[in-house]
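Colleague: Contents of final.txt (compact mmCIF, C-alpha atoms):
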# COMPACT_ATOMS: atom_id res chain seq x y z
CA MET A 9 0.00 0.00 0.00
CA LEU A 10 2.71 2.45 1.01
CA ASP A 11 4.89 1.47 -1.96
CA ALA A 12 1.99 2.14 -4.32
CA ALA A 13 1.29 5.51 -2.70
CA LEU A 14 4.94 6.61 -2.86
CA ASP A 15 5.24 5.37 -6.46
CA PHE A 16 2.26 7.55 -7.41
CA VAL A 17 3.84 10.56 -5.71
CA GLU A 18 7.16 10.04 -7.49
CA ARG A 19 5.39 9.92 -10.87
CA LEU A 20 3.07 12.83 -10.15
CA GLU A 21 3.43 15.53 -12.78
CA GLY A 22 4.00 19.10 -11.73
CA VAL A 23 5.88 18.26 -8.52
CA ASP A 24 9.22 19.96 -9.12
CA ASP A 25 10.19 20.19 -5.46
CA VAL A 26 9.57 17.52 -2.82
CA ARG A 27 8.74 20.31 -0.38
CA GLU A 28 5.43 20.72 -2.22
CA LEU A 29 4.36 17.58 -0.34
CA LEU A 30 4.85 19.16 3.07
CA GLY A 31 1.31 20.54 2.86
CA LEU A 32 -0.09 17.00 3.17
CA TRP A 33 -0.55 17.58 6.91
CA LYS A 34 -3.68 19.51 5.93
CA VAL A 35 -5.34 16.41 4.47
CA ALA A 36 -6.57 15.24 7.89
CA HIS A 37 -8.18 18.65 8.43
CA VAL A 38 -9.86 18.93 5.02
CA TRP A 39 -10.29 15.62 3.18
CA GLY A 40 -13.70 14.14 3.92
CA HIS A 41 -14.81 17.19 5.91
CA PRO A 42 -18.01 18.87 4.70
CA GLN A 43 -18.10 22.55 3.92
CA VAL A 44 -19.64 24.42 6.83
CA PRO A 45 -20.90 28.02 6.50
CA GLU A 46 -18.65 30.55 8.25
CA VAL A 47 -15.98 27.87 8.87
CA GLU A 48 -12.89 28.26 6.71
CA LEU A 49 -10.95 25.03 6.23
CA PRO A 50 -7.28 24.99 5.21
CA ARG A 51 -6.83 24.93 1.45
CA LEU A 52 -5.29 21.88 -0.17
CA SER A 53 -2.85 22.47 -3.01
CA THR A 54 -3.39 20.76 -6.37
CA THR A 55 -0.63 18.31 -5.44
CA SER A 56 -2.12 17.47 -2.03
CA THR A 57 -5.58 17.04 -3.55
CA ALA A 58 -4.21 14.64 -6.18
CA VAL A 59 -2.36 12.58 -3.55
CA ALA A 60 -5.39 12.41 -1.22
CA GLY A 61 -7.65 11.41 -4.10
CA HIS A 62 -5.30 8.63 -5.17
CA LEU A 63 -5.00 7.38 -1.59
CA GLN A 64 -8.79 7.24 -1.37
CA ILE A 65 -8.91 5.12 -4.55
CA LEU A 66 -6.15 2.78 -3.33
CA LEU A 67 -7.80 2.26 0.04
CA GLU A 68 -11.26 1.68 -1.40
CA GLN A 69 -9.76 -1.09 -3.55
CA LEU A 70 -8.49 -2.98 -0.49
CA THR A 71 -10.51 -5.84 0.93
CA PRO A 72 -11.89 -5.39 4.46
CA GLN A 73 -9.24 -7.81 5.76
CA GLU A 74 -6.49 -5.73 4.09
CA LEU A 75 -7.95 -2.55 5.57
CA ARG A 76 -7.84 -4.20 9.00
CA GLU A 77 -4.21 -5.27 8.52
CA LEU A 78 -3.22 -1.75 7.46
CA GLY A 79 -5.12 -0.23 10.39
CA ILE A 80 -3.26 -2.49 12.82
CA ALA A 81 0.12 -1.80 11.15
CA LEU A 82 -0.39 1.98 11.36
CA SER A 83 -1.97 1.86 14.85
CA VAL A 84 -4.93 3.85 13.52
CA ASP A 85 -6.44 5.82 16.39
CA HIS A 86 -9.88 4.91 17.75
CA ASP A 87 -10.96 8.54 18.09
CA MET A 88 -9.86 9.37 14.53
CA VAL A 89 -11.98 6.52 13.17
CA ALA A 90 -14.87 7.83 15.27
CA LEU A 91 -14.42 11.31 13.77
CA ALA A 92 -14.25 9.80 10.29
CA LEU A 93 -17.46 7.87 10.91
CA GLU A 94 -19.26 11.05 11.94
CA LEU A 95 -18.11 12.73 8.73
CA VAL A 96 -19.06 9.73 6.59
CA GLU A 97 -22.51 9.58 8.19
CA GLU A 98 -23.01 13.31 7.68
CA ALA A 99 -22.00 13.03 4.02
CA ALA A 100 -24.42 10.12 3.51
CA ALA A 101 -27.29 11.94 5.24
CA GLY A 102 -26.58 15.33 3.66
CA SER A 103 -26.24 17.06 7.06
CA ARG A 104 -26.61 16.46 10.77
CA GLU A 105 -29.74 17.87 12.36
CA PHE A 106 -29.84 18.75 16.06
CA GLN A 107 -33.13 18.46 17.96
CA ALA A 108 -31.93 20.28 21.08
CA ARG A 109 -33.66 23.49 22.16
CA SER A 110 -31.28 24.42 24.99
CA MET A 111 -27.60 24.14 25.81
CA ALA A 112 -28.29 21.35 28.30
CA GLU A 113 -30.23 19.39 25.68
CA PHE A 114 -27.47 20.05 23.13
CA GLU A 115 -24.82 18.64 25.49
CA ALA A 116 -26.97 15.60 26.27
CA GLU A 117 -27.58 15.02 22.56
CA ASN A 118 -23.86 15.23 21.89
CA ARG A 119 -23.08 12.71 24.63
CA LEU A 120 -25.62 10.27 23.24
CA ASN A 121 -24.20 10.73 19.76
CA GLU A 122 -20.64 10.10 21.00
CA GLU A 123 -21.78 6.90 22.71
CA ARG A 124 -23.60 5.77 19.55
CA ILE A 125 -20.55 6.53 17.38
CA GLY A 126 -18.29 4.69 19.83
CA ASP A 127 -20.53 1.62 19.67
CA ALA A 128 -20.58 1.81 15.87
CA VAL A 129 -16.77 1.99 15.70
CA ASP A 130 -16.52 -1.03 18.00
CA VAL A 131 -18.24 -3.04 15.26
CA LEU A 132 -14.86 -3.00 13.50
CA LEU A 133 -13.49 -4.89 16.52
CA LEU A 134 -16.39 -7.22 17.19
CA GLU A 135 -17.37 -8.26 13.68
CA ALA A 136 -15.37 -10.13 11.07
CA PRO A 137 -14.08 -7.75 8.34
CA GLY A 138 -16.37 -9.34 5.76
CA ASP A 139 -19.39 -8.38 7.91
CA TRP A 140 -18.48 -4.70 8.36
CA PRO A 141 -21.27 -2.27 7.41
CA PRO A 142 -20.39 0.04 4.48
CA LEU A 143 -20.26 3.20 6.62
CA GLN A 144 -17.78 1.73 9.10
CA ARG A 145 -15.61 0.43 6.28
CA SER A 146 -15.65 3.86 4.62
CA ALA A 147 -14.78 5.55 7.91
CA LEU A 148 -11.76 3.30 8.41
CA ALA A 149 -10.62 4.02 4.85
CA LEU A 150 -10.96 7.78 5.43
CA ALA A 151 -8.95 7.66 8.68
CA LEU A 152 -6.25 5.71 6.83
CA VAL A 153 -6.16 8.34 4.06
CA TRP A 154 -5.24 10.86 6.75
CA ASP A 155 -2.59 8.60 8.30
CA VAL A 156 -0.92 7.60 5.02
CA ALA A 157 -0.90 11.24 3.85
CA ASP A 158 0.96 12.09 7.07
CA LEU A 159 3.49 9.33 6.38
CA ILE A 160 4.16 10.67 2.87
CA MET A 161 4.59 14.16 4.33
CA TYR A 162 7.15 12.86 6.83
CA ALA A 163 9.00 11.00 4.07
CA ALA A 164 9.08 14.20 2.00
CA GLU A 165 10.31 16.19 4.99
CA LEU A 166 13.19 13.78 5.58
CA SER A 167 14.15 13.63 1.90
CA ALA A 168 14.27 17.44 1.77
CA VAL A 169 16.80 17.60 4.60
CA ASP A 170 20.34 18.20 3.35
CA ALA A 171 21.89 17.19 6.66
CA LEU A 172 20.58 15.92 9.97
CA PRO A 173 20.31 18.53 12.73
CA ALA A 174 23.19 18.71 15.14
CA PRO A 175 22.42 16.80 18.36
CA LEU A 176 21.92 18.81 21.53
CA LEU A 177 23.30 18.04 24.99
CA TRP A 178 20.06 17.11 26.73
CA GLN A 179 19.73 17.29 30.51
CA ALA A 180 17.35 14.71 31.92
CA ALA A 181 14.33 15.84 33.91
CA GLY A 182 15.10 16.08 37.61
CA VAL A 183 15.02 18.35 40.63
CA ASP A 184 16.24 21.38 38.71
CA HIS A 185 14.41 20.58 35.47
CA ILE A 186 10.84 19.35 35.28
CA CYS A 187 11.43 18.21 31.69
CA ALA A 188 14.34 17.20 29.48
CA SER A 189 16.02 20.37 28.27
CA ALA A 190 19.05 21.74 26.48
CA ARG A 191 20.48 25.25 26.69
CA VAL A 192 22.28 26.30 23.52
CA PRO A 193 24.53 29.37 23.24
CA VAL A 194 23.83 31.83 20.42
CA PRO A 195 27.11 32.34 18.52
CA GLY A 196 28.68 35.77 18.93
CA THR A 197 26.52 36.67 21.96
CA ASP A 198 26.13 35.77 25.62
CA LEU A 199 22.54 34.67 25.00
CA LEU A 200 21.06 31.18 25.31
CA VAL A 201 18.09 29.52 23.63
CA TRP A 202 16.30 26.81 25.57
CA ALA A 203 14.94 23.64 23.98
CA LYS A 204 12.58 21.48 26.05
CA VAL A 205 10.92 18.10 25.60
CA ASP A 206 8.25 16.67 27.89
CA ARG A 207 5.49 14.08 27.96
CA ARG A 208 1.97 15.41 27.42
CA PRO A 209 -1.29 13.93 28.72
CA PHE A 210 -3.04 11.91 26.04
CA ASP A 211 -5.89 9.43 26.41
CA GLY A 212 -6.02 8.11 22.85
CA ARG A 213 -5.47 4.48 21.95
CA PRO A 214 -5.07 2.44 18.78
CA LEU A 215 -8.36 0.99 17.54
CA TRP A 216 -7.12 -2.61 17.67
CA SER A 217 -5.61 -2.37 21.15
CA GLN A 218 -7.02 -1.83 24.60
CA ALA A 219 -3.71 -0.38 25.77
CA ALA A 220 -3.18 3.35 25.94
CA THR A 221 -1.09 4.92 23.23
CA VAL A 222 2.60 4.92 24.16
CA GLY A 223 2.42 8.65 24.71
CA LEU A 224 2.39 12.08 23.22
CA TRP A 225 5.45 14.28 23.53
CA GLY A 226 5.72 18.03 23.28
CA TRP A 227 8.75 20.10 22.33
CA SER A 228 9.38 23.82 22.55
CA LEU A 229 12.09 26.34 21.81
CA GLY A 230 12.46 29.81 23.28
CA TRP A 231 14.62 32.12 25.34
CA GLN A 232 14.41 34.42 28.33
CA ARG A 233 14.16 38.18 28.66
CA ALA A 234 16.78 40.01 30.70
CA GLU A 235 14.58 39.86 33.81
CA GLY A 236 14.07 36.11 33.39
CA SER A 237 10.57 35.85 31.92
CA PRO A 238 10.19 33.26 29.13
CA VAL A 239 9.75 34.11 25.44
CA PRO A 240 8.13 31.34 23.33
CA TYR A 241 9.44 30.83 19.80
CA LYS A 242 8.34 27.49 18.35
CA ALA A 243 6.61 24.38 19.68
CA GLY A 244 4.98 21.21 18.51
CA ARG A 245 4.06 17.63 19.31
CA ALA A 246 5.41 14.23 18.36
CA SER A 247 4.49 10.60 18.98
CA ASN A 248 7.66 9.74 20.91
CA MET A 249 10.59 11.36 22.70
CA ALA A 250 13.09 10.71 19.90
CA ALA A 251 10.87 12.46 17.34
CA ALA A 252 10.27 15.38 19.72
CA ARG A 253 13.99 15.79 20.26
CA TRP A 254 14.63 15.63 16.52
CA ARG A 255 12.13 18.43 15.86
CA ALA A 256 13.51 20.56 18.69
CA GLN A 257 17.03 20.09 17.35
CA TRP A 258 15.92 20.97 13.83
CA ALA A 259 14.13 24.12 15.04
CA THR A 260 17.22 25.11 17.05
CA GLN A 261 19.51 24.66 14.06
CA ASN A 262 17.21 26.75 11.84
CA LEU A 263 17.04 29.51 14.45
CA LEU A 264 20.82 29.66 14.89
CA THR A 265 21.34 29.86 11.12
CA ASP A 266 20.33 33.52 11.34
CA PRO A 267 19.65 34.45 14.98
CA TYR A 268 19.50 38.18 14.21
CA ARG A 269 16.21 37.63 12.35
CA ALA A 270 14.65 35.41 15.05
CA LYS A 271 11.55 36.94 16.60
CA SER A 272 8.82 35.40 18.75
CA PRO A 273 5.59 35.05 16.75
CA VAL A 274 3.68 35.25 20.05
CA THR A 275 5.22 38.26 21.81
CA ASP A 276 7.16 39.84 18.92
CA ASP A 277 10.31 39.87 21.09
CA PRO A 278 13.51 39.61 19.04
CA LEU A 279 16.13 37.12 20.16
CA ILE A 280 18.86 39.74 19.71
CA THR A 281 17.84 43.28 20.52
CA PRO A 282 19.39 45.73 18.03
CA HIS A 283 21.55 48.41 19.62
Could you take the file, read its structure, and then write that structure out as C-alpha cells?
Modeller:
Amino acid sequence: MLDAALDFVERLEGVDDVRELLGLWKVAHVWGHPQVPEVELPRLSTTSTAVAGHLQILLEQLTPQELRELGIALSVDHDMVALALELVEEAAAGSREFQARSMAEFEAENRLNEERIGDAVDVLLLEAPGDWPPLQRSALALALVWDVADLIMYAAELSAVDALPAPLLWQAAGVDHICASARVPVPGTDLLVWAKVDRRPFDGRPLWSQAATVGLWGWSLGWQRAEGSPVPYKAGRASNMAAARWRAQWATQNLLTDPYRAKSPVTDDPLITPH
C-alpha cells in the first residue's frame, strides 16, 4: 500500500520540489470534511488534492481484511476513526440535524451521539471484516487516508533535509528541570536559547488495542528576557521522545542559522535586541 502511494507521488506531474508535499498535513483537516458556513478550512494544493484522491482510490480497492491489517500496522487511532465515521454519516445523510432546544439538551444530545458513534466503531473490533457495514468500512478508509498522507509528508520532509540537525546536549528531567532540556549558546553573543521536551497527557489508543497509546510528547524552543521571563518561539508535538527531540534540534539549528532575524511570533520579542 505504502509502496503504491509513494510510487504515485514520485510519478506525479508538476511536482518539481519535494517540499510541495509538506502541505499534506492539511489532508486530515480537510479531506472528507463537509463545507460548513462561516468555517474556513485549510486549502489543499493541487498536489495534495491529487495525492489524497489517489489514496482514497487505493484504500477503497483494499478488501476489508487488508484494511484491517493496514489499520493495525499503522496503529490507527480509535478517536480518529470515530471522527471519520461522523463525517461519513453526515455526508451520507446530507447534514446532521440537532433536535436540542437548549444548551443542556445540546450537550446531552452530543453525549448520546458520542456513545452511539463509539458503539458503531466497536463493530470494527467485534465483527469479522467481511461483515463490516459500508459506513464503518468507509470511515476506516478515510482515517487511513489521513494517516498515510501524514506518512508521505514525513518522508518528504526527511528527503528534503540536506543534513541531519546537530544533536543537543540534553539534561534529563530532575530536581532542577521538570522536563528534558538543552540550553544552547547563540554564537557571537552571551545569550542562550532553551529547547525542552516533555510528555503530554493523552488518552487516545489504537483501535485494535485496549492499551493506551505509548504517549504524546511536546517540544518547545524559546529564550528568556533580561529579567528572566520566558519568550516562546516554536513548539509542537510528536508521537515519541526521539521524534520530539529531533524536531527541537531541527528548530534550534534553523534559528541559529540567522539568529539576528529570530523573533517570537507570540510576543514579537527579538532574540537579539538591536543596539
Colleague: Give me, as CSV, each residue of segment 95-193 of chain A that comes within 9 Å of segment 48-62 of chain A, together with its shortest interatomic pair and the distance in Å at one decimal, counting all atoms listed in the file, with rows ordered by chain and rising residue number.
Modeller:
residue,atom,partner,partner_atom,distance
A:Val153,CA,A:Ala60,CA,6.7
A:Trp154,CA,A:Ala60,CA,8.1
A:Ala157,CA,A:Ala60,CA,6.9
Colleague: List the spatial neighbours of Ala149 of chain A as a ChimeraX atom specification - criterion: any atom at most 7 Å away, all atoms listed in the file, same-chain residues fewer than 3 positions off excluded.
Modeller: /A:67-68,145-146,152-153
Colleague: Within 12 Å of (-9.2, 11.3, 11.6) (file coordinates; all atoms listed in the file), which protein or nucleic acid residues are there? I'd like them as a PyMOL selection string.
Modeller: chain A and resi 33-41+84-96+147-158+215
Colleague: If I put a ball of radius 10 Å at (7.8, 17.1, 23.8) in the file's coordinates, which residues poke into it when counting all atoms listed in the file, written as number ranges by chain?
Modeller: A: 187-189, 203-208, 224-228, 243-253, 255-256
Colleague: For C-alpha atoms, I'd like the residues from the last selection saved as a tab-separated table (two decimals), in the coordinates of the input.
Modeller:
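The result, stored in part-v6.tsv:
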chain	number	residue	atom	x	y	z
A	187	CYS	CA	11.43	18.21	31.69
A	188	ALA	CA	14.34	17.20	29.48
A	189	SER	CA	16.02	20.37	28.27
A	203	ALA	CA	14.94	23.64	23.98
A	204	LYS	CA	12.58	21.48	26.05
A	205	VAL	CA	10.92	18.10	25.60
A	206	ASP	CA	8.25	16.67	27.89
A	207	ARG	CA	5.49	14.08	27.96
A	208	ARG	CA	1.97	15.41	27.42
A	224	LEU	CA	2.39	12.08	23.22
A	225	TRP	CA	5.45	14.28	23.53
A	226	GLY	CA	5.72	18.03	23.28
A	227	TRP	CA	8.75	20.10	22.33
A	228	SER	CA	9.38	23.82	22.55
A	243	ALA	CA	6.61	24.38	19.68
A	244	GLY	CA	4.98	21.21	18.51
A	245	ARG	CA	4.06	17.63	19.31
A	246	ALA	CA	5.41	14.23	18.36
A	247	SER	CA	4.49	10.60	18.98
A	248	ASN	CA	7.66	9.74	20.91
A	249	MET	CA	10.59	11.36	22.70
A	250	ALA	CA	13.09	10.71	19.90
A	251	ALA	CA	10.87	12.46	17.34
A	252	ALA	CA	10.27	15.38	19.72
A	253	ARG	CA	13.99	15.79	20.26
A	255	ARG	CA	12.13	18.43	15.86
A	256	ALA	CA	13.51	20.56	18.69
Colleague: How far is it from atom CA of Val44 of chain A to atom CA of Glu98 of chain A, in Å with one decimal?
Modeller: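 Going from atom CA of Val44 of chain A over to atom CA of Glu98 of chain A, I get 11.6 Å.
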Colleague: Here is a test: counting all atoms listed in the file, which residue of A:Trp231, A:Leu63, A:Pro238, A:Pro42 is nearest to Ala12 of chain A?
Modeller: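 With all atoms listed in the file as the atom set, the closest residue is A:Leu63.
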Colleague: Using all atoms listed in the file, which residue out of A:Pro214, A:Pro193, A:Pro137, A:Gly236 lies closest to Gln261 of chain A?
Modeller: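 Counting all atoms listed in the file, the residue closest to Gln261 of chain A is A:Pro193.
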Colleague: What does the structure give for the distance between atom CA of Ile65 of chain A and atom CA of Val131 of chain A, in Å to one decimal?
Modeller: 23.4 Å
Colleague: Which of these, A:Asp15, A:Gln64, A:Ala234, A:Leu143, has the shortest distance to Ala99 of chain A once you count only C-alpha atoms?
Modeller: A:Leu143
Colleague: Please, what distance in Å, to one decimal, runs between atom CA of Arg213 of chain A and atom CA of Trp178 of chain A?
Modeller: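 Interatomic distance, atom CA of Arg213 of chain A to atom CA of Trp178 of chain A: 28.9 Å.
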Colleague: Point out the residue among A:Val129, A:Ala116, A:Ile160, A:Leu30 with the least atom-to-atom distance to Val17 of chain A, counting only C-alpha atoms.
Modeller: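 The answer is A:Ile160, which sits nearest to Val17 of chain A.
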